[in-house]
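Asker: What follows is target39.pdb; its format and atoms are PDB, C-alpha atoms.
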```pdb
ATOM      1  CA  ASN A   1     162.876  24.582  77.653
ATOM      2  CA  ALA A   2     159.490  24.214  75.964
ATOM      3  CA  GLY A   3     157.348  23.510  79.067
ATOM      4  CA  VAL A   4     154.023  21.982  78.020
ATOM      5  CA  THR A   5     153.584  21.339  74.301
ATOM      6  CA  GLN A   6     150.232  20.515  72.718
ATOM      7  CA  THR A   7     149.589  19.249  69.207
ATOM      8  CA  PRO A   8     147.833  20.015  67.005
ATOM      9  CA  LYS A   9     147.051  23.702  67.614
ATOM     10  CA  PHE A  10     143.905  23.622  65.458
ATOM     11  CA  GLN A  11     141.691  20.842  64.149
ATOM     12  CA  VAL A  12     138.345  20.558  62.398
ATOM     13  CA  LEU A  13     136.489  17.251  62.556
ATOM     14  CA  LYS A  14     133.239  15.887  61.267
ATOM     15  CA  THR A  15     130.726  14.396  63.689
ATOM     16  CA  GLY A  16     131.634  10.790  64.406
ATOM     17  CA  GLN A  17     135.314  11.075  63.545
ATOM     18  CA  SER A  18     137.960  10.138  66.093
ATOM     19  CA  MET A  19     140.904  12.235  67.186
ATOM     20  CA  THR A  20     143.786  12.115  69.645
ATOM     21  CA  LEU A  21     145.145  15.283  71.184
ATOM     22  CA  GLN A  22     148.762  15.067  72.241
ATOM     23  CA  CYS A  23     150.454  16.659  75.231
ATOM     24  CA  ALA A  24     154.075  16.458  76.326
ATOM     25  CA  GLN A  25     155.981  18.182  79.122
ATOM     26  CA  ASP A  26     159.736  18.409  79.579
ATOM     27  CA  MET A  27     159.781  19.544  83.210
ATOM     28  CA  ASN A  28     159.895  16.050  84.736
ATOM     29  CA  HIS A  29     156.472  16.658  86.279
ATOM     30  CA  ASN A  30     154.553  13.801  87.829
ATOM     31  CA  SER A  31     150.960  14.983  87.432
ATOM     32  CA  MET A  32     149.205  15.931  84.193
ATOM     33  CA  TYR A  33     145.729  17.243  83.391
ATOM     34  CA  TRP A  34     143.308  17.802  80.541
ATOM     35  CA  TYR A  35     140.812  20.688  80.616
ATOM     36  CA  ARG A  36     138.289  22.119  78.229
ATOM     37  CA  GLN A  37     137.438  25.802  78.015
ATOM     38  CA  ASP A  38     134.167  27.036  76.554
ATOM     39  CA  PRO A  39     133.233  30.687  75.879
ATOM     40  CA  GLY A  40     132.547  32.664  79.028
ATOM     41  CA  MET A  41     133.495  29.787  81.282
ATOM     42  CA  GLY A  42     136.452  28.771  83.309
ATOM     43  CA  LEU A  43     138.405  25.629  82.639
ATOM     44  CA  ARG A  44     136.710  22.344  83.446
ATOM     45  CA  LEU A  45     138.708  19.264  84.275
ATOM     46  CA  ILE A  46     138.184  16.281  81.962
ATOM     47  CA  TYR A  47     140.748  13.766  83.235
ATOM     48  CA  TYR A  48     143.954  13.839  85.200
ATOM     49  CA  SER A  49     146.911  11.606  85.918
ATOM     50  CA  ALA A  50     148.374  12.078  89.379
ATOM     51  CA  SER A  51     151.379   9.949  88.484
ATOM     52  CA  GLU A  52     152.642   7.738  85.680
ATOM     53  CA  GLY A  53     150.397   4.692  85.370
ATOM     54  CA  THR A  54     147.310   6.262  86.949
ATOM     55  CA  THR A  55     144.381   8.201  85.481
ATOM     56  CA  ASP A  56     141.183   9.533  87.062
ATOM     57  CA  LYS A  57     138.012  11.214  85.897
ATOM     58  CA  GLY A  58     137.468  14.891  86.410
ATOM     59  CA  GLU A  59     134.326  16.969  86.205
ATOM     60  CA  VAL A  60     133.381  16.290  82.542
ATOM     61  CA  PRO A  61     134.869  12.919  81.414
ATOM     62  CA  ASN A  62     132.022  11.625  79.224
ATOM     63  CA  GLY A  63     133.000  11.139  75.575
ATOM     64  CA  TYR A  64     136.739  11.159  76.301
ATOM     65  CA  ASN A  65     139.492   8.690  77.083
ATOM     66  CA  VAL A  66     143.061   9.322  78.160
ATOM     67  CA  SER A  67     146.379   7.541  78.132
ATOM     68  CA  ARG A  68     149.407   8.345  80.261
ATOM     69  CA  LEU A  69     151.904   6.998  77.775
ATOM     70  CA  ASN A  70     154.944   7.701  79.958
ATOM     71  CA  LYS A  71     155.992  10.354  82.417
ATOM     72  CA  ARG A  72     156.237  13.008  79.691
ATOM     73  CA  GLU A  73     153.126  12.341  77.629
ATOM     74  CA  PHE A  74     149.405  12.403  78.334
ATOM     75  CA  SER A  75     146.993  12.059  75.421
ATOM     76  CA  LEU A  76     143.266  12.765  75.158
ATOM     77  CA  ARG A  77     141.115  10.790  72.723
ATOM     78  CA  LEU A  78     137.694  11.512  71.296
ATOM     79  CA  GLU A  79     136.380   8.212  69.950
ATOM     80  CA  SER A  80     133.316   9.621  68.206
ATOM     81  CA  ALA A  81     133.378  13.399  68.092
ATOM     82  CA  ALA A  82     130.175  15.356  68.730
ATOM     83  CA  PRO A  83     129.454  19.071  68.132
ATOM     84  CA  SER A  84     129.176  19.541  71.919
ATOM     85  CA  GLN A  85     132.883  18.750  72.119
ATOM     86  CA  THR A  86     133.778  21.845  70.129
ATOM     87  CA  SER A  87     136.047  23.654  72.554
ATOM     88  CA  VAL A  88     139.571  24.704  73.378
ATOM     89  CA  TYR A  89     141.477  21.946  75.132
ATOM     90  CA  PHE A  90     144.318  22.649  77.526
ATOM     91  CA  CYS A  91     146.880  20.318  78.983
ATOM     92  CA  ALA A  92     148.650  21.153  82.244
ATOM     93  CA  SER A  93     151.219  19.624  84.562
ATOM     94  CA  ILE A  94     152.658  20.002  88.052
ATOM     95  CA  LEU A  95     155.685  18.469  89.703
ATOM     96  CA  GLY A  96     153.532  16.576  92.193
ATOM     97  CA  GLY A  97     151.545  16.958  95.368
ATOM     98  CA  ALA A  98     149.120  19.675  96.303
ATOM     99  CA  ASN A  99     149.624  23.423  96.666
ATOM    100  CA  GLN A 100     151.478  24.007  93.446
ATOM    101  CA  PRO A 101     150.506  26.059  90.377
ATOM    102  CA  GLN A 102     149.797  24.113  87.228
ATOM    103  CA  HIS A 103     151.745  24.906  84.070
ATOM    104  CA  PHE A 104     149.606  25.080  80.935
ATOM    105  CA  GLY A 105     150.148  24.529  77.249
ATOM    106  CA  ASP A 106     148.742  26.946  74.665
ATOM    107  CA  GLY A 107     145.772  24.772  73.801
ATOM    108  CA  THR A 108     144.214  22.875  70.915
ATOM    109  CA  ARG A 109     141.282  24.585  69.241
ATOM    110  CA  LEU A 110     138.893  21.859  68.120
ATOM    111  CA  SER A 111     135.805  22.393  65.971
ATOM    112  CA  ILE A 112     133.369  19.591  65.255
ATOM    113  CA  LEU A 113     130.923  20.079  62.410
TER
ATOM    114  CA  GLY B   1     132.480  20.492  92.866
ATOM    115  CA  GLU B   2     132.749  23.642  94.869
ATOM    116  CA  ASN B   3     132.131  26.968  93.191
ATOM    117  CA  VAL B   4     134.909  29.451  92.608
ATOM    118  CA  GLY B   5     133.660  32.569  90.915
ATOM    119  CA  LEU B   6     134.558  36.140  90.035
ATOM    120  CA  HIS B   7     132.320  39.044  90.927
ATOM    121  CA  LEU B   8     132.465  40.871  87.603
ATOM    122  CA  PRO B   9     132.917  39.481  84.110
ATOM    123  CA  THR B  10     134.557  42.653  82.750
ATOM    124  CA  LEU B  11     136.707  45.475  84.080
ATOM    125  CA  SER B  12     137.820  48.572  82.172
ATOM    126  CA  VAL B  13     140.807  50.402  83.632
ATOM    127  CA  GLN B  14     142.651  53.567  82.670
ATOM    128  CA  GLU B  15     146.332  53.001  81.952
ATOM    129  CA  GLY B  16     148.358  53.870  85.024
ATOM    130  CA  ASP B  17     145.509  53.266  87.465
ATOM    131  CA  ASN B  18     145.377  50.350  89.881
ATOM    132  CA  SER B  19     143.135  47.368  89.088
ATOM    133  CA  ILE B  20     141.279  45.229  91.580
ATOM    134  CA  ILE B  21     139.824  41.901  90.502
ATOM    135  CA  ASN B  22     137.636  40.028  92.935
ATOM    136  CA  CYS B  23     136.821  36.385  93.449
ATOM    137  CA  ALA B  24     134.509  34.561  95.853
ATOM    138  CA  TYR B  25     134.928  30.927  96.803
ATOM    139  CA  SER B  26     132.632  28.616  98.706
ATOM    140  CA  ASN B  27     134.838  25.758  99.874
ATOM    141  CA  SER B  28     136.023  26.726 103.341
ATOM    142  CA  ALA B  29     138.408  23.750 103.290
ATOM    143  CA  SER B  30     140.406  25.127 100.349
ATOM    144  CA  ASP B  31     143.965  25.783 101.413
ATOM    145  CA  TYR B  32     145.642  27.086  98.282
ATOM    146  CA  PHE B  33     144.617  29.709  95.746
ATOM    147  CA  ILE B  34     146.105  30.821  92.453
ATOM    148  CA  TRP B  35     145.605  33.702  90.066
ATOM    149  CA  TYR B  36     146.135  33.088  86.365
ATOM    150  CA  LYS B  37     146.319  35.466  83.413
ATOM    151  CA  GLN B  38     145.178  34.302  79.992
ATOM    152  CA  GLU B  39     145.970  36.285  76.877
ATOM    153  CA  SER B  40     144.145  35.712  73.620
ATOM    154  CA  GLY B  41     145.189  32.472  71.966
ATOM    155  CA  LYS B  42     147.361  31.400  74.893
ATOM    156  CA  GLY B  43     147.096  29.101  77.852
ATOM    157  CA  PRO B  44     146.659  30.378  81.424
ATOM    158  CA  GLN B  45     149.845  31.817  82.864
ATOM    159  CA  PHE B  46     150.602  31.711  86.586
ATOM    160  CA  ILE B  47     150.667  35.142  88.248
ATOM    161  CA  ILE B  48     150.712  34.625  91.993
ATOM    162  CA  ASP B  49     149.523  32.177  94.620
ATOM    163  CA  ILE B  50     148.641  32.247  98.296
ATOM    164  CA  ARG B  51     148.178  29.633 100.977
ATOM    165  CA  SER B  52     145.352  29.737 103.467
ATOM    166  CA  ASN B  53     147.680  30.484 106.377
ATOM    167  CA  MET B  54     148.422  33.878 104.804
ATOM    168  CA  ASP B  55     146.199  36.902 104.166
ATOM    169  CA  LYS B  56     148.439  38.843 101.808
ATOM    170  CA  ARG B  57     151.189  38.129  99.356
ATOM    171  CA  GLN B  58     153.007  40.523  97.053
ATOM    172  CA  GLY B  59     154.748  40.012  93.751
ATOM    173  CA  GLN B  60     156.029  42.359  91.129
ATOM    174  CA  ARG B  61     153.202  44.927  90.667
ATOM    175  CA  VAL B  62     150.658  42.388  91.933
ATOM    176  CA  THR B  63     149.205  41.702  95.359
ATOM    177  CA  VAL B  64     146.815  38.943  96.350
ATOM    178  CA  LEU B  65     144.595  39.340  99.389
ATOM    179  CA  LEU B  66     142.770  36.482 101.056
ATOM    180  CA  ASN B  67     139.892  36.986 103.473
ATOM    181  CA  LYS B  68     138.946  33.577 104.826
ATOM    182  CA  THR B  69     136.174  34.970 107.005
ATOM    183  CA  VAL B  70     134.089  35.950 103.996
ATOM    184  CA  LYS B  71     135.776  33.542 101.572
ATOM    185  CA  HIS B  72     137.011  36.275  99.284
ATOM    186  CA  LEU B  73     140.133  36.579  97.175
ATOM    187  CA  SER B  74     141.339  39.625  95.272
ATOM    188  CA  LEU B  75     144.119  40.482  92.855
ATOM    189  CA  GLN B  76     145.469  43.999  92.789
ATOM    190  CA  ILE B  77     147.551  45.187  89.861
ATOM    191  CA  ALA B  78     149.502  48.395  90.401
ATOM    192  CA  ALA B  79     149.969  50.943  87.626
ATOM    193  CA  THR B  80     148.038  48.923  85.053
ATOM    194  CA  GLN B  81     149.693  48.711  81.650
ATOM    195  CA  PRO B  82     148.346  47.821  78.186
ATOM    196  CA  GLY B  83     150.070  44.449  78.473
ATOM    197  CA  ASP B  84     147.847  43.663  81.447
ATOM    198  CA  SER B  85     144.819  43.377  79.156
ATOM    199  CA  ALA B  86     143.736  39.746  79.462
ATOM    200  CA  VAL B  87     141.303  37.411  81.175
ATOM    201  CA  TYR B  88     142.110  36.760  84.826
ATOM    202  CA  PHE B  89     141.058  33.584  86.612
ATOM    203  CA  CYS B  90     141.171  32.641  90.237
ATOM    204  CA  ALA B  91     141.445  28.979  91.120
ATOM    205  CA  GLU B  92     141.358  26.916  94.289
ATOM    206  CA  THR B  93     142.883  23.532  94.835
ATOM    207  CA  ASP B  94     141.189  20.423  96.078
ATOM    208  CA  ASP B  95     143.979  17.899  96.516
ATOM    209  CA  TYR B  96     145.396  17.469  92.980
ATOM    210  CA  LYS B  97     142.631  19.323  91.184
ATOM    211  CA  LEU B  98     142.019  22.974  90.417
ATOM    212  CA  SER B  99     138.570  24.556  90.296
ATOM    213  CA  PHE B 100     138.360  27.711  88.191
ATOM    214  CA  GLY B 101     136.027  30.667  88.188
ATOM    215  CA  ALA B 102     134.607  32.011  84.914
ATOM    216  CA  GLY B 103     137.150  34.817  84.661
ATOM    217  CA  THR B 104     137.244  38.614  84.474
ATOM    218  CA  THR B 105     138.219  40.308  81.223
ATOM    219  CA  VAL B 106     140.407  43.323  81.925
ATOM    220  CA  THR B 107     140.657  46.003  79.250
ATOM    221  CA  VAL B 108     143.205  48.784  79.669
ATOM    222  CA  ARG B 109     142.272  52.176  78.162
ATOM    223  CA  ALA B 110     145.067  54.360  76.831
TER
END
```
Kindly present the structure from the file in structure tokens form.
Answerer:
Amino acid sequence: NAGVTQTPKFQVLKTGQSMTLQCAQDMNHNSMYWYRQDPGMGLRLIYYSASEGTTDKGEVPNGYNVSRLNKREFSLRLESAAPSQTSVYFCASILGGANQPQHFGDGTRLSIL
Amino acid sequence: GENVGLHLPTLSVQEGDNSIINCAYSNSASDYFIWYKQESGKGPQFIIDIRSNMDKRQGQRVTVLLNKTVKHLSLQIAATQPGDSAVYFCAETDDYKLSFGAGTTVTVRA
């Protein structure tokens, strides 16, 4: 049982390049999330999908797009990468509803030069 | 969004001692709180949670205390071990979304 799987684990981009970060969960969870984590800061929510077919903006959505491809997969796209998007990106999921802990992947470390 | 923060960014603890990590929150409507542990190069890992209708919850070597009067949350780790070295985050839920504090880095001294 892999839980939440993120690919790739590391990536270096040049400014202006595009990139899609992949996330898949095998726990039959309904809700999925994308966060970014910057040094000395907690995780900040970029986008989330409460259920298959729906997506909503989080705290820091600018410069990103998401796709809930199916119940298992939730991808994050950077259309034109900027150095300010250098960060560690985490995907998470929960079964559904409130008052549940989110399960996290091990992150994608993204550097934009 | 509402602020969820930790009192101290770092904590150094002697192996075998108890650790106490503190967290203050500002949203009095929050009804669910979680503590996560994050080791280097890994994603946050669930430790323990507590609902607002409780003031204490115990797990294996960990206890979470919730004081709603002063909007304060703490994580106590008994008999701290080297494997407890990590960054610890508290988080509160607002419907489907979590709000995280900046984290406390715990270092265990041998």
Asker: Applying 6 Å and all atoms listed in the file, which residues near stretch 27-36 of chain B remain after dropping the ones on its own chain fewer than 3 positions away? List them as a PyMOL selection string.
Answerer: (chain A and resi 99) or (chain B and resi 2+44-52+88-93)
Asker: Name the residues that the PyMOL selection byres ((chain A) within 12 of (chain B)) pulls out of this structure, and write them as a VMD selection string.
Answerer: chain A and resid 3 to 6 9 to 10 30 to 51 55 to 60 88 to 109
Asker: So what does the PyMOL selection byres ((chain A and resi 64) around 8) actually pick up in this one, as a ChimeraX atom specification?
Answerer: /A:46,61-63,65-66,76-79
Asker: Any chance you could export the current selection's C-alpha atoms as an mmCIF file, keeping the file's coordinate frame?
Answerer:
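New file out.cif:
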```cif
data_model
loop_
_atom_site.group_PDB
_atom_site.id
_atom_site.type_symbol
_atom_site.label_atom_id
_atom_site.label_comp_id
_atom_site.auth_asym_id
_atom_site.auth_seq_id
_atom_site.Cartn_x
_atom_site.Cartn_y
_atom_site.Cartn_z
ATOM 1 C CA ILE A 46 138.184 16.281 81.962
ATOM 2 C CA PRO A 61 134.869 12.919 81.414
ATOM 3 C CA ASN A 62 132.022 11.625 79.224
ATOM 4 C CA GLY A 63 133.000 11.139 75.575
ATOM 5 C CA ASN A 65 139.492 8.690 77.083
ATOM 6 C CA VAL A 66 143.061 9.322 78.160
ATOM 7 C CA LEU A 76 143.266 12.765 75.158
ATOM 8 C CA ARG A 77 141.115 10.790 72.723
ATOM 9 C CA LEU A 78 137.694 11.512 71.296
ATOM 10 C CA GLU A 79 136.380 8.212 69.950
#
```
Asker: So the first atom is atom CA of B:Asp55 and the second is atom CA of B:Asn18; what is the distance between them in Å, to one decimal place?
Answerer: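 Calculated distance between atom CA of B:Asp55 and atom CA of B:Asn18 is 19.6 Å.
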Asker: Counting only C-alpha atoms, which of A:Met27, A:Val12, A:Leu21, A:Ile112 gets nearest to A:Phe74?
Answerer: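 Answer, going by the shortest atom-to-atom distance: A:Leu21.
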Asker: Find the residues around A:Leu69 up to 10 Å (only C-alpha atoms counted), leave out those fewer than 3 positions away in its own chain, and share them as a PyMOL selection string.
Answerer: chain A and resi 24+52-53+66+72-75
Asker: Export, as a PDB file, in the coordinates of the input, the selected residues with C-alpha atoms.
Answerer:
```pdb
ATOM      1  CA  ALA A  24     154.075  16.458  76.326  1.00  0.00           C
ATOM      2  CA  GLU A  52     152.642   7.738  85.680  1.00  0.00           C
ATOM      3  CA  GLY A  53     150.397   4.692  85.370  1.00  0.00           C
ATOM      4  CA  VAL A  66     143.061   9.322  78.160  1.00  0.00           C
ATOM      5  CA  ARG A  72     156.237  13.008  79.691  1.00  0.00           C
ATOM      6  CA  GLU A  73     153.126  12.341  77.629  1.00  0.00           C
ATOM      7  CA  PHE A  74     149.405  12.403  78.334  1.00  0.00           C
ATOM      8  CA  SER A  75     146.993  12.059  75.421  1.00  0.00           C
TER       9      SER A  75
END
```
Asker: So the first atom is atom CA of B:Ser26 and the second is atom CA of B:Arg61; what is the distance between them in Å, to one decimal place?
Answerer: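 We find that atom CA of B:Ser26 and atom CA of B:Arg61 lie 27.5 Å from each other.
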Asker: So, with all atoms listed in the file as the atoms that count, which of A:Ser67, A:Gln25, A:Gly16, A:Ala2 lies closest to A:Ala82?
Answerer: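 When distances to A:Ala82 are compared using all atoms listed in the file, the smallest one comes from A:Gly16.
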Asker: Give the answer as one residue: which of B:Lys37, B:Ser85, B:Val70, B:Val64 has the shortest atom-to-atom distance to B:Thr107, using only C-alpha atoms?
Answerer: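 Closest to B:Thr107 of all the choices is B:Ser85.
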Asker: In terms of the shortest atom-to-atom distance over all atoms listed in the file, which of B:Leu11, B:Ala110, B:Val87, B:Ala24 is closest to B:His72?
Answerer: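 Residue with the minimum atom-to-atom distance to B:His72: B:Ala24.
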Asker: Could you give me the centre and size, in Å to one decimal, of an axis-aligned box around all listed atoms of stretch 58-67 of chain B with 3 Å added on every side, as AutoDock Vina command-line options?
Answerer:
```
--center_x 148.0 --center_y 40.7 --center_z 97.1 --size_x 22.1 --size_y 14.4 --size_z 18.8
```
Asker: I'd like the residues picked by the PyMOL selection byres ((chain B and resi 83) around 10) written out as a ChimeraX atom specification, using the chain letters and numbers from the file.
Answerer: /B:15,39,80-82,84-86,107-108
Asker: Take the residues that were just selected and, keeping C-alpha atoms, output them as a PDB file, in the coordinates of the input.
Answerer:
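And here is the file that came out, again-v8.pdb:
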```
ATOM      1  CA  GLU B  15     146.332  53.001  81.952  1.00  0.00           C
ATOM      2  CA  GLU B  39     145.970  36.285  76.877  1.00  0.00           C
ATOM      3  CA  THR B  80     148.038  48.923  85.053  1.00  0.00           C
ATOM      4  CA  GLN B  81     149.693  48.711  81.650  1.00  0.00           C
ATOM      5  CA  PRO B  82     148.346  47.821  78.186  1.00  0.00           C
ATOM      6  CA  ASP B  84     147.847  43.663  81.447  1.00  0.00           C
ATOM      7  CA  SER B  85     144.819  43.377  79.156  1.00  0.00           C
ATOM      8  CA  ALA B  86     143.736  39.746  79.462  1.00  0.00           C
ATOM      9  CA  THR B 107     140.657  46.003  79.250  1.00  0.00           C
ATOM     10  CA  VAL B 108     143.205  48.784  79.669  1.00  0.00           C
TER      11      VAL B 108
END
```
Asker: Report as a list in words all protein, DNA and RNA residues lying within 9 Å of B:Leu65, evaluated on all atoms listed in the file, omitting residues in the same chain fewer than 5 positions from it.
Answerer: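 Near neighbours after the sequence-gap exclusion: Ile50, Met54, Asp55, Lys56, Arg57, Gln58, His72, Leu73, Ser74, Leu75 and Gln76 of chain B.
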Asker: Print the selection's residues with C-alpha atoms to a file, as an mmCIF file, in the frame of the given file.
Answerer:
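Output contents, as saved in selection_22.cif:
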```cif
data_model
loop_
_atom_site.group_PDB
_atom_site.id
_atom_site.type_symbol
_atom_site.label_atom_id
_atom_site.label_comp_id
_atom_site.auth_asym_id
_atom_site.auth_seq_id
_atom_site.Cartn_x
_atom_site.Cartn_y
_atom_site.Cartn_z
ATOM 1 C CA ILE B 50 148.641 32.247 98.296
ATOM 2 C CA MET B 54 148.422 33.878 104.804
ATOM 3 C CA ASP B 55 146.199 36.902 104.166
ATOM 4 C CA LYS B 56 148.439 38.843 101.808
ATOM 5 C CA ARG B 57 151.189 38.129 99.356
ATOM 6 C CA GLN B 58 153.007 40.523 97.053
ATOM 7 C CA HIS B 72 137.011 36.275 99.284
ATOM 8 C CA LEU B 73 140.133 36.579 97.175
ATOM 9 C CA SER B 74 141.339 39.625 95.272
ATOM 10 C CA LEU B 75 144.119 40.482 92.855
ATOM 11 C CA GLN B 76 145.469 43.999 92.789
#
```
Asker: Of the candidates B:Lys71, B:Leu66, B:Asn53, B:Ala78, which one gets nearest to B:Ser19 if we count all atoms listed in the file?
Answerer: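 Comparing B:Lys71, B:Leu66, B:Asn53, B:Ala78 against B:Ser19, the winner is B:Ala78.
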Asker: Which distance in Å separates atom CA of A:Ser18 and atom CA of A:Ser84, to one decimal?
Answerer: 14.1 Å
Asker: Write out as an MDAnalysis selection string each polymer residue whose atoms come within 7 Å of A:Gln11, counting only C-alpha atoms; drop sequence neighbours fewer than 3 positions from it.
Answerer: chainID A and resid 8 109:111
